[in-house]
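*Asks:* My questions all concern the structure below.
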There are 2 protein chains.
Amino acid sequence: MMFKMSAGEFDLVYNSLSFTLASMMASTLFFWLRLSSVHEKYKTAMTVTGLVTFIAAYHYIRIFNSWVDAYEFPAVTEGAADSIAIQDPTLTGKPFNDAYRYMDWLLTVPLLLIEIIFCCNLSPDETTKKAWALGASSGLMIILGYPGEMIIEGAMGVRFMFWAAAMVPFLYVVYTLLVGLKEAIASEGNPKVAAMLTQTCYATVISWCTYPVVYLFPMLGFEGPHAVIAIQLGYCVSDIISKCGVGFLIYNITITKSAALNNSLLGK
Amino acid sequence: MMFKMSAGEFDLVYNSLSFTLASMMASTLFFWLRLSSVHEKYKTAMTVTGLVTFIAAYHYIRIFNSWVDAYEFPAVTEGAADSIAIQDPTLTGKPFNDAYRYMDWLLTVPLLLIEIIFCCNLSPDETTKKAWALGASSGLMIILGYPGEMIIEGAMGVRFMFWAAAMVPFLYVVYTLLVGLKEAIASEGNPKVAAMLTQTCYATVISWCTYPVVYLFPMLGFEGPHAVIAIQLGYCVSDIISKCGVGFLIYNITITKSAALNNSLLGK
């Protein structure tokens with residue numbers, strides 16, 4: 001279902017998508033340009049942090065282009081006029097493809113969790129185990145969510161079933177972030193690093209909570225052009241927090257940990 | 001509201017936007033290519049300096065394309081003629097989206113202030129505090145300016161209210177740059193560096209002063225195609241000074257400070 005938008009509404013989504021794209025590109029470059037200043041031990045974490053925003057930037061280019069192609073500003077009939085008022089765009093018939101978001105999440109969500117795990121004080125075995133458990137369960141969560149997301153009208157019971165099924169791995173991930181990593185975080189020598197890791201886990205969980213809520217919108221009778229705008233703006237904000245914001249927290253953690261490692265090497 | 005332009009007027013904006021885009025791209029590459037010559041302590045500042053011009057380059061690509069799409073040169077009717085006079089372009093009906101500038105500023109203005117803070121002689125705690133205060137207040141300034149900017153006709157009182165509201169954080173930032181940083185600048189060991197930092201603060205404040213003036217144009221009865229041209233040219237000049245110009249000042253500061261740090265390490 002596609003809805004007509006006013007010029008202002010069209011621009012609001014258009015500008016939000018462009019803003020998110022710019023944020024993703026800038027964050028990616030920042031993480032990768034700062035890579036050389038990070039200790040060898042945390043270079044993988046920083047590379048993955050940049051990969052998450054890089055993949056998101058690619059998908060935002062696609063989502064932005066899809067939005068632009070779905071609408072068209074009417075041609076001016078009085079071409080020779082000295083000035084014209086801006087008209088509302090009309091629908092072109094090309095669907096706005098939002099499924100790019102699922103393709104994005106299927107790659108970025110497991111990577112996002114892995115980048116957090118890579119920054120924790122865990123043994124190599126424990127790191128591998130936790131990375132696999134979180135990566136696989138978050139991937140499963142996205143796969144289960146996708147078929148339900150395709151059902152926007154009718155069969156709301158089926159949509160709800162997929163939502164409920166995806167909530168099982170979702171809750172497992174949330175539990176691991178808030179409870180399962182507590183021991184590893186407590187074992188950090190530097191209380192500043194421990195505080196930043198806790199902050200990272202909370203930022204991830206809080207920004208994630210928007211996704212299942214947005215998913216429920218069509219079941220709550222929330223529809224039409226305003227639902228489309230609310231969903232796009234909501235996802236943009238959540239993506240910036242969970243990818244750029246969490247990425248910068250990870251960057252701070254790796255830089256702080258790298259400084260500590262370098263100082264201990266120098267015997268300071 | 002879109003206005004018809006003569007071929008010469010269309011080209012003037014077109015060339016200015018393209019010139020600014022080239023300046024932003026070239027500055028970005030310069031800052032990042034010189035990154036390896038800067039002391040570890042100032043690499044973040046130089047990375048951020050390049051990010052500001054990178055983000056601006058992205059938005060100038062969008063603004064340039066939006067300008068090109070908004071106008072169309074009429075097709076030649078006497079196709080077989082050996083030569084034709086250049087016609088004035090007509091409006092296509094696609095609006096020229098200037099809101100990209102707000103999306104740009106929302107990212108680049110806080111980063112620009114943070115890059116200045118990163119070059120000052122401040123304790124890590126003071127750096128974080130000042131970076132947050134300036135980043136948040138400048139972000140607030142842009143957010144408050146945006147709704148007013150959308151009002152170009154009628155309701156000038158509302159436009160003025162948003163202008164006045166945005167001026168509060170604006171004045172706080174100007175005060176911090178001109179007065180709040182004086183102590184940190186005075187504590188610089190090298191008087192050359194102190195002079196450059198003062199210059200950076202002044203260049204930022206002076207180039208910024210154009211923005212609230214341009215914002216007031218529609219309230220001063222300044223409208224039509226000449227207002228559009230004046231605004232675009234004004235913003236291009238301000239952006240080049242505040243992003244490329246200030247960036248090069250920051251580059252000089254970090255290079256001078258890096259040389260001093262390397263010399264002290266070598267015991268010179």
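By convention here, the chains of the structure tokens are called A, B, ... in the order presented, each chain's residues are numbered starting at 1, and ligands are numbered starting at 1 in the order presented.
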Might you pull out every residue within 12 Å of Ile86 (chain A), with only C-alpha atoms counted and same-chain residues fewer than 4 positions away left off, and present them as a ChimeraX atom specification?
*Replies:* /A:6-8,11,73-76 /B:1-3,70,91-97
*Asks:* Under the rule of at most 9 Å, produce a per-residue listing of chain B near chain A: chain, number, name, the closest pair of atoms, and the distance in Å, as a tab-separated table, using only C-alpha atoms.
*Replies:*
```
residue	atom	partner	partner_atom	distance
B:Met1	CA	A:Ala85	CA	4.4
B:Met2	CA	A:Ile84	CA	5.2
B:Phe3	CA	A:Ser83	CA	4.2
B:Lys4	CA	A:Asp82	CA	4.9
B:Met5	CA	A:Asp82	CA	8.1
B:Trp32	CA	A:Leu33	CA	8.2
B:Leu35	CA	A:Leu33	CA	8.8
B:Glu40	CA	A:Ser37	CA	7.3
B:Lys43	CA	A:Arg34	CA	7.7
B:Thr44	CA	A:Arg34	CA	7.3
B:Thr47	CA	A:Phe30	CA	6.6
B:Val48	CA	A:Phe30	CA	7.5
B:Leu51	CA	A:Ala26	CA	6.2
B:Val52	CA	A:Ala26	CA	8.7
B:Phe54	CA	A:Ala26	CA	7.5
B:Ile55	CA	A:Ala22	CA	6.4
B:Tyr58	CA	A:Ala22	CA	7.3
B:His59	CA	A:Ala22	CA	8.3
B:Thr90	CA	A:Gly79	CA	5.8
B:Leu91	CA	A:Gly79	CA	6.0
B:Thr92	CA	A:Ala75	CA	5.7
B:Gly93	CA	A:Val76	CA	5.0
B:Lys94	CA	A:Phe73	CA	5.5
B:Pro95	CA	A:Ile86	CA	6.3
B:Asn97	CA	A:Asp11	CA	8.3
B:Ala99	CA	A:Asn15	CA	7.3
B:Tyr100	CA	A:Asn15	CA	6.8
B:Met103	CA	A:Phe19	CA	5.7
B:Asp104	CA	A:Phe19	CA	7.6
B:Leu106	CA	A:Phe19	CA	8.8
B:Leu107	CA	A:Ser23	CA	7.6
B:Gly224	CA	A:Ser83	CA	8.2
B:Pro225	CA	A:Ser83	CA	8.6
```
*Asks:* For region 170-174 of chain A, work out the shell of residues within 7 Å, counting only C-alpha atoms and skipping chain neighbours fewer than 3 positions away, then give it as an MDAnalysis selection string.
*Replies:* chainID A and resid 134 138 141 166:167 177:178 205
*Asks:* Quick one: DSSP helix (DSSP H, G or I) residues in region 24-263 of chain A, as a count of residues only?
*Replies:* 187
*Asks:* Contacts of Leu122 (chain B) at 7 Å or less, counting only C-alpha atoms, minus same-chain residues fewer than 3 places along, as an mmCIF file with all heavy atoms, in the first residue's frame?
*Replies:*
```
data_model
loop_
_atom_site.group_PDB
_atom_site.id
_atom_site.type_symbol
_atom_site.label_atom_id
_atom_site.label_comp_id
_atom_site.auth_asym_id
_atom_site.auth_seq_id
_atom_site.Cartn_x
_atom_site.Cartn_y
_atom_site.Cartn_z
ATOM 1 N N GLU B 126 37.566 18.458 31.044
ATOM 2 C CA GLU B 126 37.113 19.761 30.547
ATOM 3 C C GLU B 126 36.793 19.655 29.049
ATOM 4 O O GLU B 126 35.817 20.250 28.583
ATOM 5 C CB GLU B 126 38.243 20.780 30.800
ATOM 6 C CG GLU B 126 37.851 22.215 30.655
ATOM 7 C CD GLU B 126 36.851 22.699 31.703
ATOM 8 O OE1 GLU B 126 36.658 21.995 32.727
ATOM 9 O OE2 GLU B 126 36.261 23.746 31.483
ATOM 10 N N THR B 127 37.597 18.898 28.308
ATOM 11 C CA THR B 127 37.360 18.702 26.875
ATOM 12 C C THR B 127 35.995 18.069 26.650
ATOM 13 O O THR B 127 35.197 18.542 25.835
ATOM 14 C CB THR B 127 38.461 17.801 26.263
ATOM 15 O OG1 THR B 127 39.728 18.416 26.494
ATOM 16 C CG2 THR B 127 38.256 17.602 24.771
ATOM 17 N N ALA B 184 42.002 28.812 28.252
ATOM 18 C CA ALA B 184 42.666 27.667 27.623
ATOM 19 C C ALA B 184 43.653 28.142 26.560
ATOM 20 O O ALA B 184 44.753 27.588 26.426
ATOM 21 C CB ALA B 184 41.630 26.730 27.020
#
```
*Asks:* Report the distance between CA of Gly221 (chain A) and CA of Ala165 (chain A) in Å, rounded to one decimal place.
*Replies:* 21.4 Å
*Asks:* If DSSP is run on the backbone, what residues of region 8-206 of chain B are strand (DSSP E or B)? A reply as a list in words would be ideal.
*Replies:*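 Restricting region 8-206 of chain B to strand (DSSP E or B) produces Tyr71, Glu72, Thr90 and Leu91 of chain B.
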*Asks:* Ranking B:Gly245, B:Gly189, B:Gly148, B:Gly50 by minimum distance to Tyr215 (chain B) and counting only C-alpha atoms, which one comes first?
*Replies:*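 Among the listed residues, B:Gly148 lies closest to Tyr215 (chain B).
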*Asks:* Considering only C-alpha atoms, can you say which of B:Arg159, B:Lys192, B:His226, B:Lys243 comes closest to Ala260 (chain B)?
*Replies:*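 Using only C-alpha atoms, the shortest distance to Ala260 (chain B) belongs to B:Lys192.
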*Asks:* Would you work out the distance separating CA of Thr176 (chain B) from CA of Ala56 (chain B), expressed in Å to one decimal?
*Replies:*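 These atoms are spaced 24.2 Å apart.
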*Asks:* Report as a PyMOL selection string all protein, DNA and RNA residues lying within 12 Å of Trp163 (chain B), evaluated on only C-alpha atoms, omitting residues in the same chain fewer than 4 positions from it.
*Replies:* chain B and resi 141-151+156-159+167-170+211-217+219
*Asks:* Keeping only N, CA and C atoms, write the selected residues as a CSV table (one decimal), in the first residue's frame.
*Replies:*
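As written to disk, part36.csv reads:
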```csv
chain,number,residue,atom,x,y,z
B,141,MET,N,20.4,24.8,18.3
B,141,MET,CA,20.3,26.0,17.4
B,141,MET,C,19.8,25.7,16.0
B,142,ILE,N,20.3,24.6,15.4
B,142,ILE,CA,19.9,24.2,14.1
B,142,ILE,C,18.5,23.7,14.1
B,143,ILE,N,18.2,22.9,15.1
B,143,ILE,CA,16.8,22.3,15.2
B,143,ILE,C,15.8,23.4,15.4
B,144,LEU,N,16.1,24.5,16.2
B,144,LEU,CA,15.2,25.6,16.3
B,144,LEU,C,15.0,26.4,15.1
B,145,GLY,N,16.1,26.5,14.3
B,145,GLY,CA,16.1,27.3,13.1
B,145,GLY,C,15.3,26.7,12.0
B,146,TYR,N,15.3,25.3,11.9
B,146,TYR,CA,14.6,24.6,10.8
B,146,TYR,C,13.2,24.9,10.6
B,147,PRO,N,12.3,24.8,11.6
B,147,PRO,CA,10.9,25.1,11.4
B,147,PRO,C,10.6,26.5,10.8
B,148,GLY,N,11.4,27.5,11.4
B,148,GLY,CA,11.2,28.8,10.9
B,148,GLY,C,11.6,29.0,9.5
B,149,GLU,N,12.6,28.3,9.1
B,149,GLU,CA,13.2,28.4,7.7
B,149,GLU,C,12.1,27.9,6.7
B,150,MET,N,11.2,27.0,7.1
B,150,MET,CA,10.2,26.5,6.2
B,150,MET,C,9.1,27.6,5.9
B,151,ILE,N,9.1,28.6,6.8
B,151,ILE,CA,8.1,29.6,6.6
B,151,ILE,C,8.7,30.8,5.7
B,156,MET,N,5.3,35.8,9.3
B,156,MET,CA,6.7,36.2,9.5
B,156,MET,C,7.0,36.3,11.0
B,157,GLY,N,5.9,36.6,11.8
B,157,GLY,CA,6.1,36.6,13.2
B,157,GLY,C,6.6,35.3,13.8
B,158,VAL,N,6.0,34.2,13.2
B,158,VAL,CA,6.4,32.9,13.7
B,158,VAL,C,7.9,32.6,13.3
B,159,ARG,N,8.2,33.0,12.0
B,159,ARG,CA,9.6,32.9,11.5
B,159,ARG,C,10.6,33.6,12.5
B,167,MET,N,18.7,32.1,18.3
B,167,MET,CA,19.8,33.0,18.7
B,167,MET,C,20.3,32.8,20.1
B,168,VAL,N,19.5,32.2,21.0
B,168,VAL,CA,19.9,32.0,22.4
B,168,VAL,C,21.1,31.0,22.4
B,169,PRO,N,21.0,29.8,21.9
B,169,PRO,CA,22.1,28.9,21.8
B,169,PRO,C,23.3,29.5,20.9
B,170,PHE,N,22.9,30.2,19.9
B,170,PHE,CA,23.9,30.8,19.0
B,170,PHE,C,24.8,31.8,19.8
B,211,TYR,N,24.8,33.7,8.7
B,211,TYR,CA,23.7,32.8,8.7
B,211,TYR,C,22.4,33.5,9.3
B,212,PRO,N,22.5,34.1,10.5
B,212,PRO,CA,21.2,34.7,11.0
B,212,PRO,C,20.8,35.9,10.1
B,213,VAL,N,21.7,36.5,9.4
B,213,VAL,CA,21.4,37.7,8.6
B,213,VAL,C,20.6,37.2,7.3
B,214,VAL,N,21.2,36.1,6.7
B,214,VAL,CA,20.5,35.5,5.5
B,214,VAL,C,19.1,35.0,5.9
B,215,TYR,N,19.0,34.5,7.1
B,215,TYR,CA,17.7,33.9,7.6
B,215,TYR,C,16.7,35.0,7.7
B,216,LEU,N,17.1,36.3,8.0
B,216,LEU,CA,16.2,37.4,8.1
B,216,LEU,C,15.7,38.0,6.8
B,217,PHE,N,16.4,37.6,5.7
B,217,PHE,CA,16.1,38.2,4.3
B,217,PHE,C,14.6,38.3,4.0
B,219,MET,N,12.1,38.4,5.8
B,219,MET,CA,11.4,39.4,6.6
B,219,MET,C,11.7,40.8,6.3
```
